[in-house]
$ cat my_file.pdb   # PDB, C-alpha atoms
ATOM      1  CA  MET M   1       0.000   0.000   0.000
ATOM      2  CA  ALA M   2       2.785   2.392   0.940
ATOM      3  CA  GLN M   3       4.704   1.630  -2.255
ATOM      4  CA  GLN M   4       1.630   2.344  -4.401
ATOM      5  CA  LYS M   5       0.776   5.561  -2.533
ATOM      6  CA  ILE M   6       4.351   6.874  -2.703
ATOM      7  CA  GLY M   7       4.613   5.918  -6.376
ATOM      8  CA  HIS M   8       1.480   7.896  -7.193
ATOM      9  CA  LEU M   9       2.641  10.880  -5.157
ATOM     10  CA  LEU M  10       6.012  10.878  -6.964
ATOM     11  CA  GLN M  11       4.076  10.993 -10.240
ATOM     12  CA  LEU M  12       2.157  13.974  -8.815
ATOM     13  CA  ASP M  13      -1.054  11.942  -8.756
ATOM     14  CA  PHE M  14      -2.681  13.334  -5.604
ATOM     15  CA  SER M  15      -6.072  11.798  -6.406
ATOM     16  CA  TYR M  16      -4.959   8.221  -5.659
ATOM     17  CA  SER M  17      -6.751   6.940  -2.576
ATOM     18  CA  ILE M  18      -6.595   3.664  -0.712
ATOM     19  CA  LYS M  19      -9.610   1.584   0.253
ATOM     20  CA  TYR M  20      -8.712  -0.766   3.075
ATOM     21  CA  ASP M  21     -10.427  -2.494   5.986
ATOM     22  CA  TRP M  22      -8.779  -5.247   8.070
ATOM     23  CA  VAL M  23     -10.917  -8.197   9.178
ATOM     24  CA  SER M  24     -10.029 -11.367  11.073
ATOM     25  CA  LEU M  25      -9.964 -14.689   9.244
ATOM     26  CA  ASP M  26     -13.247 -15.757  10.824
ATOM     27  CA  GLU M  27     -14.828 -12.680   9.179
ATOM     28  CA  ILE M  28     -13.725 -13.887   5.719
ATOM     29  CA  SER M  29     -15.873 -16.387   3.862
ATOM     30  CA  PRO M  30     -14.419 -19.896   3.716
ATOM     31  CA  ASN M  31     -15.153 -19.595  -0.020
ATOM     32  CA  MET M  32     -12.587 -16.790  -0.262
ATOM     33  CA  GLN M  33     -10.021 -18.640   1.808
ATOM     34  CA  LEU M  34     -10.385 -21.713  -0.388
ATOM     35  CA  ALA M  35     -10.437 -19.651  -3.607
ATOM     36  CA  VAL M  36      -6.980 -18.152  -3.037
ATOM     37  CA  ILE M  37      -5.560 -21.513  -2.001
ATOM     38  CA  ALA M  38      -7.102 -23.166  -5.080
ATOM     39  CA  ALA M  39      -5.825 -20.400  -7.353
ATOM     40  CA  GLU M  40      -2.430 -19.594  -5.887
ATOM     41  CA  ASP M  41      -1.061 -22.419  -3.748
ATOM     42  CA  GLN M  42      -2.854 -25.736  -3.379
ATOM     43  CA  LYS M  43      -0.024 -27.127  -1.246
ATOM     44  CA  PHE M  44      -0.332 -24.218   1.220
ATOM     45  CA  PRO M  45      -1.529 -26.272   4.228
ATOM     46  CA  ASN M  46       1.360 -28.728   3.868
ATOM     47  CA  HIS M  47       4.509 -26.863   2.822
ATOM     48  CA  TRP M  48       6.966 -24.829   4.882
ATOM     49  CA  GLY M  49       6.783 -21.697   2.744
ATOM     50  CA  PHE M  50       8.145 -22.999  -0.545
ATOM     51  CA  ASP M  51       6.805 -25.334  -3.230
ATOM     52  CA  PHE M  52      10.007 -26.776  -4.654
ATOM     53  CA  GLU M  53       8.173 -28.769  -7.326
ATOM     54  CA  ALA M  54       6.486 -25.582  -8.612
ATOM     55  CA  ILE M  55       9.827 -23.725  -8.494
ATOM     56  CA  GLN M  56      11.453 -26.445 -10.589
ATOM     57  CA  LYS M  57       8.591 -26.400 -13.131
ATOM     58  CA  ALA M  58       8.712 -22.588 -13.358
ATOM     59  CA  PHE M  59      12.485 -22.654 -13.852
ATOM     60  CA  LYS M  60      12.166 -25.141 -16.732
ATOM     61  CA  PHE M  61       9.291 -23.177 -18.295
ATOM     62  CA  ASN M  62      11.158 -19.874 -18.015
ATOM     63  CA  GLU M  63      14.218 -21.327 -19.748
ATOM     64  CA  LYS M  64      12.131 -22.087 -22.838
ATOM     65  CA  SER M  65       9.636 -19.219 -22.896
ATOM     66  CA  ARG M  66       9.641 -15.457 -23.300
ATOM     67  CA  ARG M  67       6.882 -15.266 -20.716
ATOM     68  CA  THR M  68       7.825 -15.640 -17.067
ATOM     69  CA  ARG M  69       6.006 -18.068 -14.817
ATOM     70  CA  GLY M  70       6.185 -17.578 -11.073
ATOM     71  CA  ALA M  71       6.119 -20.176  -8.347
ATOM     72  CA  SER M  72       5.554 -18.064  -5.250
ATOM     73  CA  THR M  73       3.493 -19.573  -2.477
ATOM     74  CA  ILE M  74       0.941 -17.645  -0.435
ATOM     75  CA  SER M  75       3.600 -17.426   2.290
ATOM     76  CA  GLN M  76       6.125 -15.873  -0.108
ATOM     77  CA  GLN M  77       3.539 -13.437  -1.469
ATOM     78  CA  THR M  78       2.606 -12.429   2.069
ATOM     79  CA  ALA M  79       6.275 -11.789   2.905
ATOM     80  CA  LYS M  80       6.709  -9.723  -0.262
ATOM     81  CA  ASN M  81       3.508  -7.703   0.218
ATOM     82  CA  LEU M  82       4.091  -7.131   3.929
ATOM     83  CA  VAL M  83       7.746  -6.132   4.203
ATOM     84  CA  LEU M  84       9.323  -6.039   0.740
ATOM     85  CA  TRP M  85       8.532  -4.361  -2.565
ATOM     86  CA  HIS M  86       7.107  -5.371  -5.927
ATOM     87  CA  GLY M  87       9.450  -6.166  -8.747
ATOM     88  CA  GLN M  88      11.560  -9.012  -9.983
ATOM     89  CA  SER M  89      15.134  -8.959  -8.811
ATOM     90  CA  TRP M  90      17.385 -11.576  -7.306
ATOM     91  CA  PHE M  91      18.115  -9.206  -4.410
ATOM     92  CA  ARG M  92      14.429  -8.896  -3.459
ATOM     93  CA  LYS M  93      13.931 -12.643  -3.941
ATOM     94  CA  GLY M  94      16.929 -13.243  -1.678
ATOM     95  CA  LEU M  95      15.336 -11.161   1.081
ATOM     96  CA  GLU M  96      12.020 -12.928   0.558
ATOM     97  CA  VAL M  97      13.458 -16.333   1.501
ATOM     98  CA  PRO M  98      14.449 -15.621   5.134
ATOM     99  CA  THR M  99      11.336 -13.478   5.632
ATOM    100  CA  THR M 100       9.157 -16.375   4.468
ATOM    101  CA  VAL M 101      11.020 -18.851   6.687
ATOM    102  CA  LEU M 102      10.549 -16.624   9.738
ATOM    103  CA  MET M 103       6.839 -16.227   8.991
ATOM    104  CA  GLU M 104       6.410 -19.980   8.654
ATOM    105  CA  ILE M 105       8.214 -20.521  11.984
ATOM    106  CA  PHE M 106       6.382 -17.895  14.033
ATOM    107  CA  TRP M 107       2.933 -17.705  12.418
ATOM    108  CA  SER M 108       0.261 -20.324  11.903
ATOM    109  CA  LYS M 109      -1.055 -21.020   8.412
ATOM    110  CA  GLU M 110      -4.277 -19.304   9.443
ATOM    111  CA  ARG M 111      -2.376 -16.150  10.393
ATOM    112  CA  ILE M 112      -0.423 -16.147   7.118
ATOM    113  CA  LEU M 113      -3.666 -16.531   5.144
ATOM    114  CA  GLU M 114      -5.372 -13.812   7.200
ATOM    115  CA  VAL M 115      -2.548 -11.334   6.572
ATOM    116  CA  TYR M 116      -2.375 -12.239   2.877
ATOM    117  CA  LEU M 117      -6.106 -11.691   2.357
ATOM    118  CA  ASN M 118      -5.960  -8.382   4.223
ATOM    119  CA  ILE M 119      -3.033  -6.867   2.311
ATOM    120  CA  ALA M 120      -3.479  -8.261  -1.211
ATOM    121  CA  GLU M 121      -4.326  -5.697  -3.866
ATOM    122  CA  PHE M 122      -7.621  -6.362  -5.669
ATOM    123  CA  GLY M 123      -7.738  -3.299  -7.904
ATOM    124  CA  HIS M 124      -6.671   0.324  -8.200
ATOM    125  CA  GLY M 125      -6.201   1.378  -4.559
ATOM    126  CA  ILE M 126      -8.292  -1.514  -3.217
ATOM    127  CA  PHE M 127      -6.402  -3.516  -0.603
ATOM    128  CA  GLY M 128      -7.697  -6.447   1.378
ATOM    129  CA  VAL M 129     -10.632  -8.717   0.752
ATOM    130  CA  GLU M 130     -13.058  -6.747   2.945
ATOM    131  CA  ALA M 131     -12.505  -3.526   0.982
ATOM    132  CA  ALA M 132     -12.706  -5.479  -2.292
ATOM    133  CA  SER M 133     -15.893  -7.262  -1.292
ATOM    134  CA  ARG M 134     -17.575  -4.038  -0.235
ATOM    135  CA  TYR M 135     -16.378  -2.150  -3.326
ATOM    136  CA  TYR M 136     -17.293  -4.762  -5.944
ATOM    137  CA  PHE M 137     -20.175  -6.692  -4.350
ATOM    138  CA  LYS M 138     -21.567  -4.283  -1.722
ATOM    139  CA  LYS M 139     -21.276  -6.904   1.015
ATOM    140  CA  SER M 140     -18.927  -8.082   3.729
ATOM    141  CA  ALA M 141     -16.174 -10.565   2.867
ATOM    142  CA  LYS M 142     -17.895 -12.946   5.265
ATOM    143  CA  ASN M 143     -20.768 -13.295   2.779
ATOM    144  CA  LEU M 144     -18.849 -13.894  -0.456
ATOM    145  CA  THR M 145     -20.236 -16.676  -2.628
ATOM    146  CA  GLN M 146     -18.046 -19.237  -4.355
ATOM    147  CA  SER M 147     -18.394 -17.400  -7.675
ATOM    148  CA  GLU M 148     -17.540 -13.992  -6.182
ATOM    149  CA  ALA M 149     -14.565 -15.394  -4.265
ATOM    150  CA  ALA M 150     -13.242 -17.137  -7.386
ATOM    151  CA  LEU M 151     -13.566 -13.905  -9.369
ATOM    152  CA  LEU M 152     -11.572 -11.978  -6.754
ATOM    153  CA  ALA M 153      -8.917 -14.704  -6.701
ATOM    154  CA  ALA M 154      -8.765 -14.710 -10.506
ATOM    155  CA  VAL M 155      -7.442 -11.129 -10.634
ATOM    156  CA  LEU M 156      -4.746 -11.566  -7.985
ATOM    157  CA  PRO M 157      -1.849 -12.205 -10.345
ATOM    158  CA  ASN M 158      -2.205  -8.610 -11.572
ATOM    159  CA  PRO M 159      -5.252  -6.681 -10.326
ATOM    160  CA  ILE M 160      -4.280  -3.572 -12.270
ATOM    161  CA  ILE M 161      -4.529  -5.402 -15.609
ATOM    162  CA  TYR M 162      -7.238  -7.929 -14.672
ATOM    163  CA  LYS M 163     -10.483  -6.302 -13.521
ATOM    164  CA  VAL M 164     -13.118  -7.635 -11.158
ATOM    165  CA  ASN M 165     -15.726  -5.145 -12.361
ATOM    166  CA  LYS M 166     -14.904  -5.683 -16.070
ATOM    167  CA  PRO M 167     -13.635  -9.272 -16.250
ATOM    168  CA  SER M 168     -12.086 -10.304 -19.540
ATOM    169  CA  VAL M 169     -12.686 -13.693 -21.130
ATOM    170  CA  LEU M 170      -9.354 -14.784 -19.621
ATOM    171  CA  VAL M 171     -10.460 -13.738 -16.108
ATOM    172  CA  ARG M 172     -13.808 -15.545 -16.540
ATOM    173  CA  LYS M 173     -11.973 -18.706 -17.652
ATOM    174  CA  LYS M 174      -9.677 -18.449 -14.637
ATOM    175  CA  GLN M 175     -12.701 -17.910 -12.364
ATOM    176  CA  SER M 176     -14.330 -21.044 -13.759
ATOM    177  CA  TRP M 177     -11.101 -23.034 -13.352
ATOM    178  CA  ILE M 178     -10.754 -21.835  -9.735
ATOM    179  CA  MET M 179     -14.340 -22.888  -8.969
ATOM    180  CA  GLY M 180     -13.576 -26.345 -10.358
ATOM    181  CA  GLN M 181     -10.473 -26.563  -8.193
ATOM    182  CA  MET M 182     -12.465 -25.394  -5.152
ATOM    183  CA  ASN M 183     -15.071 -28.096  -5.756
ATOM    184  CA  GLY M 184     -12.296 -30.670  -6.084
ATOM    185  CA  LEU M 185     -10.594 -29.599  -2.864
ATOM    186  CA  GLY M 186     -13.795 -29.036  -0.850
ATOM    187  CA  LEU M 187     -14.227 -26.700   2.117
ATOM    188  CA  ASP M 188     -12.895 -29.421   4.441
ATOM    189  CA  TYR M 189      -9.499 -28.774   2.862
ATOM    190  CA  LEU M 190      -9.266 -25.674   5.076
ATOM    191  CA  LYS M 191      -9.200 -27.940   8.144
ATOM    192  CA  GLU M 192      -5.765 -29.189   7.074
ATOM    193  CA  MET M 193      -4.187 -25.869   8.071
TER     194      MET M 193
END
$ encode --input "my_file.pdb" --output "structure tokens"
Amino acid sequence: MAQQKIGHLLQLDFSYSIKYDWVSLDEISPNMQLAVIAAEDQKFPNHWGFDFEAIQKAFKFNEKSRRTRGASTISQQTAKNLVLWHGQSWFRKGLEVPTTVLMEIFWSKERILEVYLNIAEFGHGIFGVEAASRYYFKKSAKNLTQSEAALLAAVLPNPIIYKVNKPSVLVRKKQSWIMGQMNGLGLDYLKEM
């Protein structure tokens, strides 16, 4: 949030405002919790911050492609969003590793997920699932449906390009895929954390 606000101020954009409202995990729909796990990190309940299989696959893909595929877990994304900065550099990635390890040691999976859902950016100046839910759906995050949660999760890779309020065909396909993954995992999957 600070990086975005400062960036806009440096560009003399004084109209940029932040919508943000922290809520505890029990005030976030299980649909939303499952949607981000299904979309971003299906091994989240069982890993220690890193998905080495996904890292290996991304490395092989990136060797052969012009596009870059990431392999960051929810824990890594939380570390980056909380204490680091956006961007792709080996230096930032190097700082992300010990930060992620410390989070995994001192925080529960529930706490990591709670922080992630409260600091993730869901659109221009919209941070956290409660602010996103109220902005896009006019309801509390506690009441998000499976479809709404999957749509929010579908824009997380880049919420400035992908829009919740004007979803592209690609975003709708991702939403549908996420819902399929959610149905496959089931809400009981959250009990593994």
$ resolve_selection --input "my_file.pdb" --expression "the PyMOL selection byres ((chain M and resi 152) around 12)" --output "JSON, numbers by chain"
{"M": [31, 32, 33, 34, 35, 36, 39, 40, 117, 120, 121, 122, 123, 126, 127, 128, 129, 130, 131, 132, 133, 134, 135, 136, 137, 141, 144, 145, 146, 147, 148, 149, 150, 151, 153, 154, 155, 156, 157, 158, 159, 162, 163, 164, 165, 166, 167, 171, 172, 174, 175, 176, 178, 179]}
$ atom_distance --input "my_file.pdb" --atom1 "CA of Ile74 (chain M)" --atom2 "CA of Lys138 (chain M)"
26.2 Å
$ closest_residue --input "my_file.pdb" --among "M:Ser168, M:Ser75, M:Asn183, M:Ser24" --to "Lys142 (chain M)" --atoms "only C-alpha atoms"
M:Ser24
$ residues_around --input "my_file.pdb" --residues "region 100-110 of chain M" --least-positions-apart "4" --cutoff "7 Å" --atoms "only C-alpha atoms" --output "ChimeraX atom specification"
/M:45,48-49,75-76,79,96,114,193
$ closest_residue --input "my_file.pdb" --among "M:Thr99, M:Phe50, M:Ile161, M:Tyr189" --to "His124 (chain M)" --atoms "all atoms listed in the file"
M:Ile161
$ atom_distance --input "my_file.pdb" --atom1 "CA of Leu190 (chain M)" --atom2 "CA of Ser29 (chain M)"
11.5 Å
$ atom_distance --input "my_file.pdb" --atom1 "CA of Lys19 (chain M)" --atom2 "CA of Asn81 (chain M)"
16.1 Å
$ closest_residue --input "my_file.pdb" --among "M:Phe52, M:Phe44, M:Leu113, M:Lys80" --to "Leu95 (chain M)" --atoms "only C-alpha atoms"
M:Lys80
$ build_atoms --input "my_file.pdb" --residues "region 72-83 of chain M" --atoms "all heavy atoms" --output "compact mmCIF listing (two decimals), keeping the file's coordinate frame"
# COMPACT_ATOMS: atom_id res chain seq x y z
N SER M 72 5.64 -18.54 -6.63
CA SER M 72 5.55 -18.06 -5.25
C SER M 72 4.35 -18.66 -4.54
O SER M 72 3.25 -18.71 -5.08
CB SER M 72 5.45 -16.54 -5.21
OG SER M 72 6.63 -15.95 -5.65
N THR M 73 4.57 -19.06 -3.32
CA THR M 73 3.49 -19.57 -2.48
C THR M 73 2.76 -18.40 -1.83
O THR M 73 3.21 -17.24 -1.90
CB THR M 73 4.07 -20.47 -1.37
OG1 THR M 73 4.94 -19.67 -0.55
CG2 THR M 73 4.83 -21.66 -1.94
N ILE M 74 1.66 -18.68 -1.18
CA ILE M 74 0.94 -17.64 -0.44
C ILE M 74 1.86 -17.06 0.64
O ILE M 74 1.86 -15.85 0.87
CB ILE M 74 -0.36 -18.21 0.16
CG1 ILE M 74 -1.39 -18.44 -0.97
CG2 ILE M 74 -0.93 -17.29 1.23
CD1 ILE M 74 -2.66 -19.15 -0.54
N SER M 75 2.67 -17.90 1.26
CA SER M 75 3.60 -17.43 2.29
C SER M 75 4.60 -16.44 1.70
O SER M 75 4.87 -15.38 2.28
CB SER M 75 4.34 -18.60 2.92
OG SER M 75 3.42 -19.52 3.47
N GLN M 76 5.17 -16.77 0.54
CA GLN M 76 6.12 -15.87 -0.11
C GLN M 76 5.46 -14.57 -0.52
O GLN M 76 6.04 -13.49 -0.38
CB GLN M 76 6.74 -16.55 -1.34
CG GLN M 76 7.70 -17.67 -1.01
CD GLN M 76 8.15 -18.38 -2.26
OE1 GLN M 76 7.47 -19.29 -2.73
NE2 GLN M 76 9.28 -17.96 -2.81
N GLN M 77 4.25 -14.65 -1.05
CA GLN M 77 3.54 -13.44 -1.47
C GLN M 77 3.21 -12.56 -0.27
O GLN M 77 3.28 -11.33 -0.35
CB GLN M 77 2.27 -13.82 -2.23
CG GLN M 77 2.56 -14.45 -3.57
CD GLN M 77 1.29 -14.93 -4.25
OE1 GLN M 77 0.38 -14.15 -4.45
NE2 GLN M 77 1.24 -16.21 -4.58
N THR M 78 2.88 -13.19 0.84
CA THR M 78 2.61 -12.43 2.07
C THR M 78 3.87 -11.70 2.52
O THR M 78 3.82 -10.52 2.87
CB THR M 78 2.07 -13.35 3.18
OG1 THR M 78 0.92 -14.03 2.71
CG2 THR M 78 1.73 -12.56 4.43
N ALA M 79 5.00 -12.41 2.52
CA ALA M 79 6.28 -11.79 2.90
C ALA M 79 6.59 -10.60 2.00
O ALA M 79 6.96 -9.52 2.47
CB ALA M 79 7.40 -12.82 2.84
N LYS M 80 6.43 -10.80 0.70
CA LYS M 80 6.71 -9.72 -0.26
C LYS M 80 5.78 -8.53 -0.02
O LYS M 80 6.23 -7.39 0.06
CB LYS M 80 6.54 -10.24 -1.69
CG LYS M 80 6.77 -9.15 -2.75
CD LYS M 80 6.35 -9.61 -4.13
CE LYS M 80 4.86 -9.69 -4.18
NZ LYS M 80 4.27 -9.97 -5.47
N ASN M 81 4.47 -8.79 0.07
CA ASN M 81 3.51 -7.70 0.22
C ASN M 81 3.63 -6.98 1.55
O ASN M 81 3.35 -5.79 1.64
CB ASN M 81 2.08 -8.23 0.06
CG ASN M 81 1.76 -8.65 -1.35
OD1 ASN M 81 2.44 -8.30 -2.31
ND2 ASN M 81 0.71 -9.43 -1.50
N LEU M 82 4.05 -7.71 2.59
CA LEU M 82 4.09 -7.13 3.93
C LEU M 82 5.34 -6.30 4.17
O LEU M 82 5.26 -5.20 4.71
CB LEU M 82 3.98 -8.24 4.98
CG LEU M 82 3.84 -7.81 6.43
CD1 LEU M 82 2.55 -7.02 6.63
CD2 LEU M 82 3.84 -9.03 7.34
N VAL M 83 6.51 -6.81 3.81
CA VAL M 83 7.75 -6.13 4.20
C VAL M 83 8.69 -5.81 3.05
O VAL M 83 9.69 -5.12 3.26
CB VAL M 83 8.52 -6.93 5.28
CG1 VAL M 83 7.72 -7.04 6.55
CG2 VAL M 83 8.91 -8.31 4.79
